[in-house]
Amino acid sequence: MQWAWLPGYLPALLQGLGITLFVLVASVIGGFSLAVPLALAQVRGRTLPRSLSRVFCSYIRGTPLLMQLYLLYYGIGSLFPFIPGVRENFQWLVRLDAIYYVLAAFTLSFAGYEAEIMRGAFLSVPRGELEAAEALGLSRAQVLWRIWLPSAFQKVLPTLTGEVIGQLKSTPLAFTVPVMDLMGVAHRVMQDTYRIYEPLLFVAAIYLALTFLIVQLFALAELKHLKR
């Protein structure tokens, strides 16, 4: 094996790693923030919000993430320049970089999967706890933020570890559109140097290290919840 190429491409690989981490963290935080109201809409929402949430989750879970990314970038993204109102008044939409479509696709995908998990977690919280909190004079919003959501989050914490790791392993799809994430840089290294195994092994080691870090972080979070 030859590693003479590594010093020259190390800055690009580190930059790609930064993009990968940005996509992962932003999509997980944004996706979970969307998942909570989507799950609540299915549990306690009216007919229309409940139906829309179910349709959205079914679409996300029933179609590949790569297809969703292509529909956003090559579909919606390519339409903006041809819409007169958008073209003249919303130039920022026309000039959006590919990274924004990647973030949108990954965030919506994570939200769709996590909403179903949160729905089950919300339903698993004993009804008596919520009724007791309401009997003590707490409003519905207070019950949600102080009782229902923390209890549901504690139940999904072990599952969330696997979901975040799965999201990490999906990030290489970003380089299928013009986003030079970690895998995208590795692909460029392979094209430039004609080395296949070394760049892949180097990137695989980074993904393994990130996975180990995610597992440890969530293990600490679970330990803190158990001590409360």
# chains A, B, ... in the order shown; residues from 1 in each chain; ligands from 1

$ closest_atom_pairs --of "range 149-191 of chain A" --to "range 1-25 of chain A" --cutoff "12 Å" --atoms "only C-alpha atoms" --output "tab-separated table"
residue	atom	partner	partner_atom	distance
A:Glu163	CA	A:Leu24	CA	11.1
A:Val164	CA	A:Leu24	CA	8.0
A:Ile165	CA	A:Leu24	CA	9.4
A:Gly166	CA	A:Leu24	CA	10.1
A:Gln167	CA	A:Leu24	CA	6.7
A:Leu168	CA	A:Leu24	CA	6.0
A:Lys169	CA	A:Leu24	CA	9.5
A:Ser170	CA	A:Leu24	CA	9.1
A:Thr171	CA	A:Thr20	CA	6.5
A:Pro172	CA	A:Thr20	CA	8.0
A:Leu173	CA	A:Thr20	CA	10.4
A:Ala174	CA	A:Thr20	CA	8.6
A:Phe175	CA	A:Gly16	CA	10.1
A:Val179	CA	A:Ile19	CA	8.5
A:Met180	CA	A:Gly16	CA	5.9
A:Asp181	CA	A:Gly16	CA	4.1
A:Leu182	CA	A:Gly16	CA	4.1
A:Met183	CA	A:Gly16	CA	7.5
A:Gly184	CA	A:Gly16	CA	7.4
A:Val185	CA	A:Leu13	CA	6.0
A:Ala186	CA	A:Leu13	CA	7.3
A:His187	CA	A:Leu13	CA	10.6
A:Arg188	CA	A:Tyr9	CA	9.6
A:Val189	CA	A:Tyr9	CA	7.4
A:Met190	CA	A:Trp5	CA	10.1

$ write_last_selection --atoms "N, CA and C atoms" --output "short mmCIF file (atom, residue, chain, number, x, y, z; two decimals), in the first residue's frame"
data_model
loop_
_atom_site.label_atom_id
_atom_site.label_comp_id
_atom_site.auth_asym_id
_atom_site.auth_seq_id
_atom_site.Cartn_x
_atom_site.Cartn_y
_atom_site.Cartn_z
N GLU A 163 -30.24 5.34 15.12
CA GLU A 163 -30.72 6.23 14.07
C GLU A 163 -29.65 7.25 13.66
N VAL A 164 -28.93 7.78 14.64
CA VAL A 164 -27.88 8.75 14.33
C VAL A 164 -26.73 8.08 13.59
N ILE A 165 -26.39 6.86 13.99
CA ILE A 165 -25.34 6.12 13.27
C ILE A 165 -25.78 5.84 11.84
N GLY A 166 -27.04 5.47 11.67
CA GLY A 166 -27.56 5.26 10.32
C GLY A 166 -27.52 6.53 9.48
N GLN A 167 -27.79 7.66 10.13
CA GLN A 167 -27.72 8.94 9.43
C GLN A 167 -26.28 9.24 9.01
N LEU A 168 -25.33 8.92 9.87
CA LEU A 168 -23.92 9.10 9.53
C LEU A 168 -23.55 8.27 8.31
N LYS A 169 -24.01 7.04 8.27
CA LYS A 169 -23.67 6.15 7.16
C LYS A 169 -24.39 6.54 5.86
N SER A 170 -25.40 7.40 5.97
CA SER A 170 -26.10 7.89 4.77
C SER A 170 -25.44 9.13 4.19
N THR A 171 -24.61 9.81 4.98
CA THR A 171 -24.03 11.07 4.51
C THR A 171 -23.22 10.94 3.22
N PRO A 172 -22.58 9.79 2.90
CA PRO A 172 -21.86 9.71 1.62
C PRO A 172 -22.73 9.95 0.39
N LEU A 173 -24.05 9.87 0.54
CA LEU A 173 -24.93 10.17 -0.58
C LEU A 173 -24.82 11.63 -1.01
N ALA A 174 -24.30 12.48 -0.12
CA ALA A 174 -24.20 13.92 -0.44
C ALA A 174 -23.31 14.16 -1.65
N PHE A 175 -22.33 13.30 -1.88
CA PHE A 175 -21.40 13.56 -2.98
C PHE A 175 -22.00 13.19 -4.33
N VAL A 179 -21.47 18.18 -3.67
CA VAL A 179 -21.08 18.48 -2.30
C VAL A 179 -19.87 17.62 -1.97
N MET A 180 -18.76 18.25 -1.66
CA MET A 180 -17.53 17.52 -1.40
C MET A 180 -17.43 17.18 0.08
N ASP A 181 -18.20 16.19 0.49
CA ASP A 181 -18.08 15.70 1.85
C ASP A 181 -16.89 14.75 1.94
N LEU A 182 -16.78 14.02 3.02
CA LEU A 182 -15.63 13.13 3.21
C LEU A 182 -15.54 12.09 2.11
N MET A 183 -16.67 11.48 1.77
CA MET A 183 -16.66 10.47 0.71
C MET A 183 -16.40 11.10 -0.65
N GLY A 184 -16.89 12.30 -0.85
CA GLY A 184 -16.65 12.99 -2.12
C GLY A 184 -15.17 13.27 -2.34
N VAL A 185 -14.47 13.68 -1.26
CA VAL A 185 -13.03 13.92 -1.36
C VAL A 185 -12.30 12.61 -1.61
N ALA A 186 -12.71 11.55 -0.94
CA ALA A 186 -12.08 10.25 -1.15
C ALA A 186 -12.25 9.79 -2.60
N HIS A 187 -13.41 10.05 -3.17
CA HIS A 187 -13.65 9.69 -4.57
C HIS A 187 -12.73 10.49 -5.49
N ARG A 188 -12.51 11.75 -5.17
CA ARG A 188 -11.60 12.56 -5.98
C ARG A 188 -10.16 12.05 -5.86
N VAL A 189 -9.77 11.63 -4.65
CA VAL A 189 -8.44 11.07 -4.46
C VAL A 189 -8.26 9.82 -5.33
N MET A 190 -9.29 8.98 -5.35
CA MET A 190 -9.21 7.77 -6.16
C MET A 190 -9.08 8.09 -7.65
#

$ closest_atom_pairs --of "range 155-179 of chain A" --to "range 121-137 of chain A" --cutoff "12 Å" --atoms "only C-alpha atoms" --output "tab-separated table"
residue	atom	partner	partner_atom	distance
A:Lys155	CA	A:Ala121	CA	6.2
A:Val156	CA	A:Ala121	CA	6.6
A:Leu157	CA	A:Ala121	CA	10.2
A:Pro158	CA	A:Ala121	CA	11.8
A:Thr159	CA	A:Ala121	CA	10.6
A:Leu160	CA	A:Ala121	CA	11.6

$ select_by_dssp --residues "range 94-219 of chain A" --states "alpha helix (DSSP H)" --output "PyMOL selection string"
chain A and resi 94+98-124+127-135+140-143+149-170+182-193+197-219

$ write_last_selection --atoms "C-alpha atoms" --output "tab-separated table (two decimals), in the first residue's frame"
chain	number	residue	atom	x	y	z
A	94	VAL	CA	-32.07	30.43	-7.51
A	98	ALA	CA	-26.18	22.02	-3.27
A	99	ILE	CA	-25.43	21.77	0.46
A	100	TYR	CA	-28.82	23.30	1.28
A	101	TYR	CA	-30.67	20.65	-0.72
A	102	VAL	CA	-28.60	17.98	0.99
A	103	LEU	CA	-29.51	19.41	4.39
A	104	ALA	CA	-33.19	19.58	3.44
A	105	ALA	CA	-33.25	15.98	2.17
A	106	PHE	CA	-31.39	14.57	5.17
A	107	THR	CA	-33.43	16.58	7.67
A	108	LEU	CA	-36.77	15.53	6.21
A	109	SER	CA	-35.64	11.92	5.98
A	110	PHE	CA	-34.56	11.81	9.62
A	111	ALA	CA	-37.79	13.52	10.66
A	112	GLY	CA	-39.92	10.96	8.84
A	113	TYR	CA	-38.26	7.98	10.52
A	114	GLU	CA	-37.94	9.56	13.93
A	115	ALA	CA	-41.57	10.74	13.94
A	116	GLU	CA	-42.75	7.12	13.87
A	117	ILE	CA	-40.40	6.23	16.72
A	118	MET	CA	-41.55	9.23	18.76
A	119	ARG	CA	-45.18	8.37	18.06
A	120	GLY	CA	-44.66	4.97	19.67
A	121	ALA	CA	-42.78	6.55	22.56
A	122	PHE	CA	-45.56	9.08	23.20
A	123	LEU	CA	-48.15	6.30	23.23
A	124	SER	CA	-46.06	4.21	25.62
A	127	ARG	CA	-51.86	7.78	30.56
A	128	GLY	CA	-52.14	8.01	34.33
A	129	GLU	CA	-48.98	10.14	34.55
A	130	LEU	CA	-50.41	12.71	32.17
A	131	GLU	CA	-53.80	12.76	33.89
A	132	ALA	CA	-52.14	13.16	37.29
A	133	ALA	CA	-50.11	16.10	36.00
A	134	GLU	CA	-53.25	17.75	34.61
A	135	ALA	CA	-55.04	17.13	37.90
A	140	ARG	CA	-51.31	20.93	28.38
A	141	ALA	CA	-48.15	22.69	27.27
A	142	GLN	CA	-46.55	22.18	30.69
A	143	VAL	CA	-47.54	18.52	30.70
A	149	LEU	CA	-41.74	14.73	26.09
A	150	PRO	CA	-38.97	13.92	28.64
A	151	SER	CA	-40.50	10.48	29.31
A	152	ALA	CA	-40.84	9.75	25.59
A	153	PHE	CA	-37.31	10.97	24.90
A	154	GLN	CA	-35.89	8.70	27.58
A	155	LYS	CA	-37.61	5.73	25.94
A	156	VAL	CA	-36.22	6.48	22.46
A	157	LEU	CA	-32.69	7.31	23.60
A	158	PRO	CA	-31.29	3.80	22.95
A	159	THR	CA	-33.01	3.68	19.55
A	160	LEU	CA	-31.81	7.19	18.72
A	161	THR	CA	-28.21	5.97	18.90
A	162	GLY	CA	-28.79	3.60	16.00
A	163	GLU	CA	-30.72	6.23	14.07
A	164	VAL	CA	-27.88	8.75	14.33
A	165	ILE	CA	-25.34	6.12	13.27
A	166	GLY	CA	-27.56	5.26	10.32
A	167	GLN	CA	-27.72	8.94	9.43
A	168	LEU	CA	-23.92	9.10	9.53
A	169	LYS	CA	-23.67	6.15	7.16
A	170	SER	CA	-26.10	7.89	4.77
A	182	LEU	CA	-15.63	13.13	3.21
A	183	MET	CA	-16.66	10.47	0.71
A	184	GLY	CA	-16.65	12.99	-2.12
A	185	VAL	CA	-13.03	13.92	-1.36
A	186	ALA	CA	-12.08	10.25	-1.15
A	187	HIS	CA	-13.65	9.69	-4.57
A	188	ARG	CA	-11.60	12.56	-5.98
A	189	VAL	CA	-8.44	11.07	-4.46
A	190	MET	CA	-9.21	7.77	-6.16
A	191	GLN	CA	-9.68	9.52	-9.49
A	192	ASP	CA	-6.50	11.58	-9.17
A	193	THR	CA	-4.13	8.94	-7.79
A	197	TYR	CA	-8.03	0.74	-1.23
A	198	GLU	CA	-6.00	3.32	0.67
A	199	PRO	CA	-8.49	6.23	0.43
A	200	LEU	CA	-11.38	3.89	1.24
A	201	LEU	CA	-9.57	2.37	4.22
A	202	PHE	CA	-8.66	5.85	5.50
A	203	VAL	CA	-12.25	7.07	5.22
A	204	ALA	CA	-13.59	3.83	6.73
A	205	ALA	CA	-11.36	4.36	9.77
A	206	ILE	CA	-12.80	7.86	10.20
A	207	TYR	CA	-16.39	6.58	9.99
A	208	LEU	CA	-15.57	3.86	12.54
A	209	ALA	CA	-14.10	6.45	14.89
A	210	LEU	CA	-17.16	8.68	14.51
A	211	THR	CA	-19.47	5.73	15.16
A	212	PHE	CA	-17.54	4.86	18.32
A	213	LEU	CA	-17.79	8.51	19.44
A	214	ILE	CA	-21.55	8.59	18.84
A	215	VAL	CA	-22.05	5.38	20.82
A	216	GLN	CA	-20.04	6.76	23.74
A	217	LEU	CA	-21.88	10.09	23.74
A	218	PHE	CA	-25.29	8.44	23.82
A	219	ALA	CA	-24.11	5.98	26.48

$ residues_around --residues "Leu52 in chain A" --least-positions-apart "4" --cutoff "10 Å" --atoms "only C-alpha atoms" --output "VMD selection string"
chain A and resid 38 41 to 42 47 to 48 56 to 58

$ atom_distance --atom1 "CA of Leu138 in chain A" --atom2 "CA of Ala35 in chain A"
24.0 Å

$ atom_distance --atom1 "CA of Leu69 in chain A" --atom2 "CA of Pro178 in chain A"
11.8 Å

$ atom_distance --atom1 "CA of Thr176 in chain A" --atom2 "CA of Tyr73 in chain A"
10.4 Å
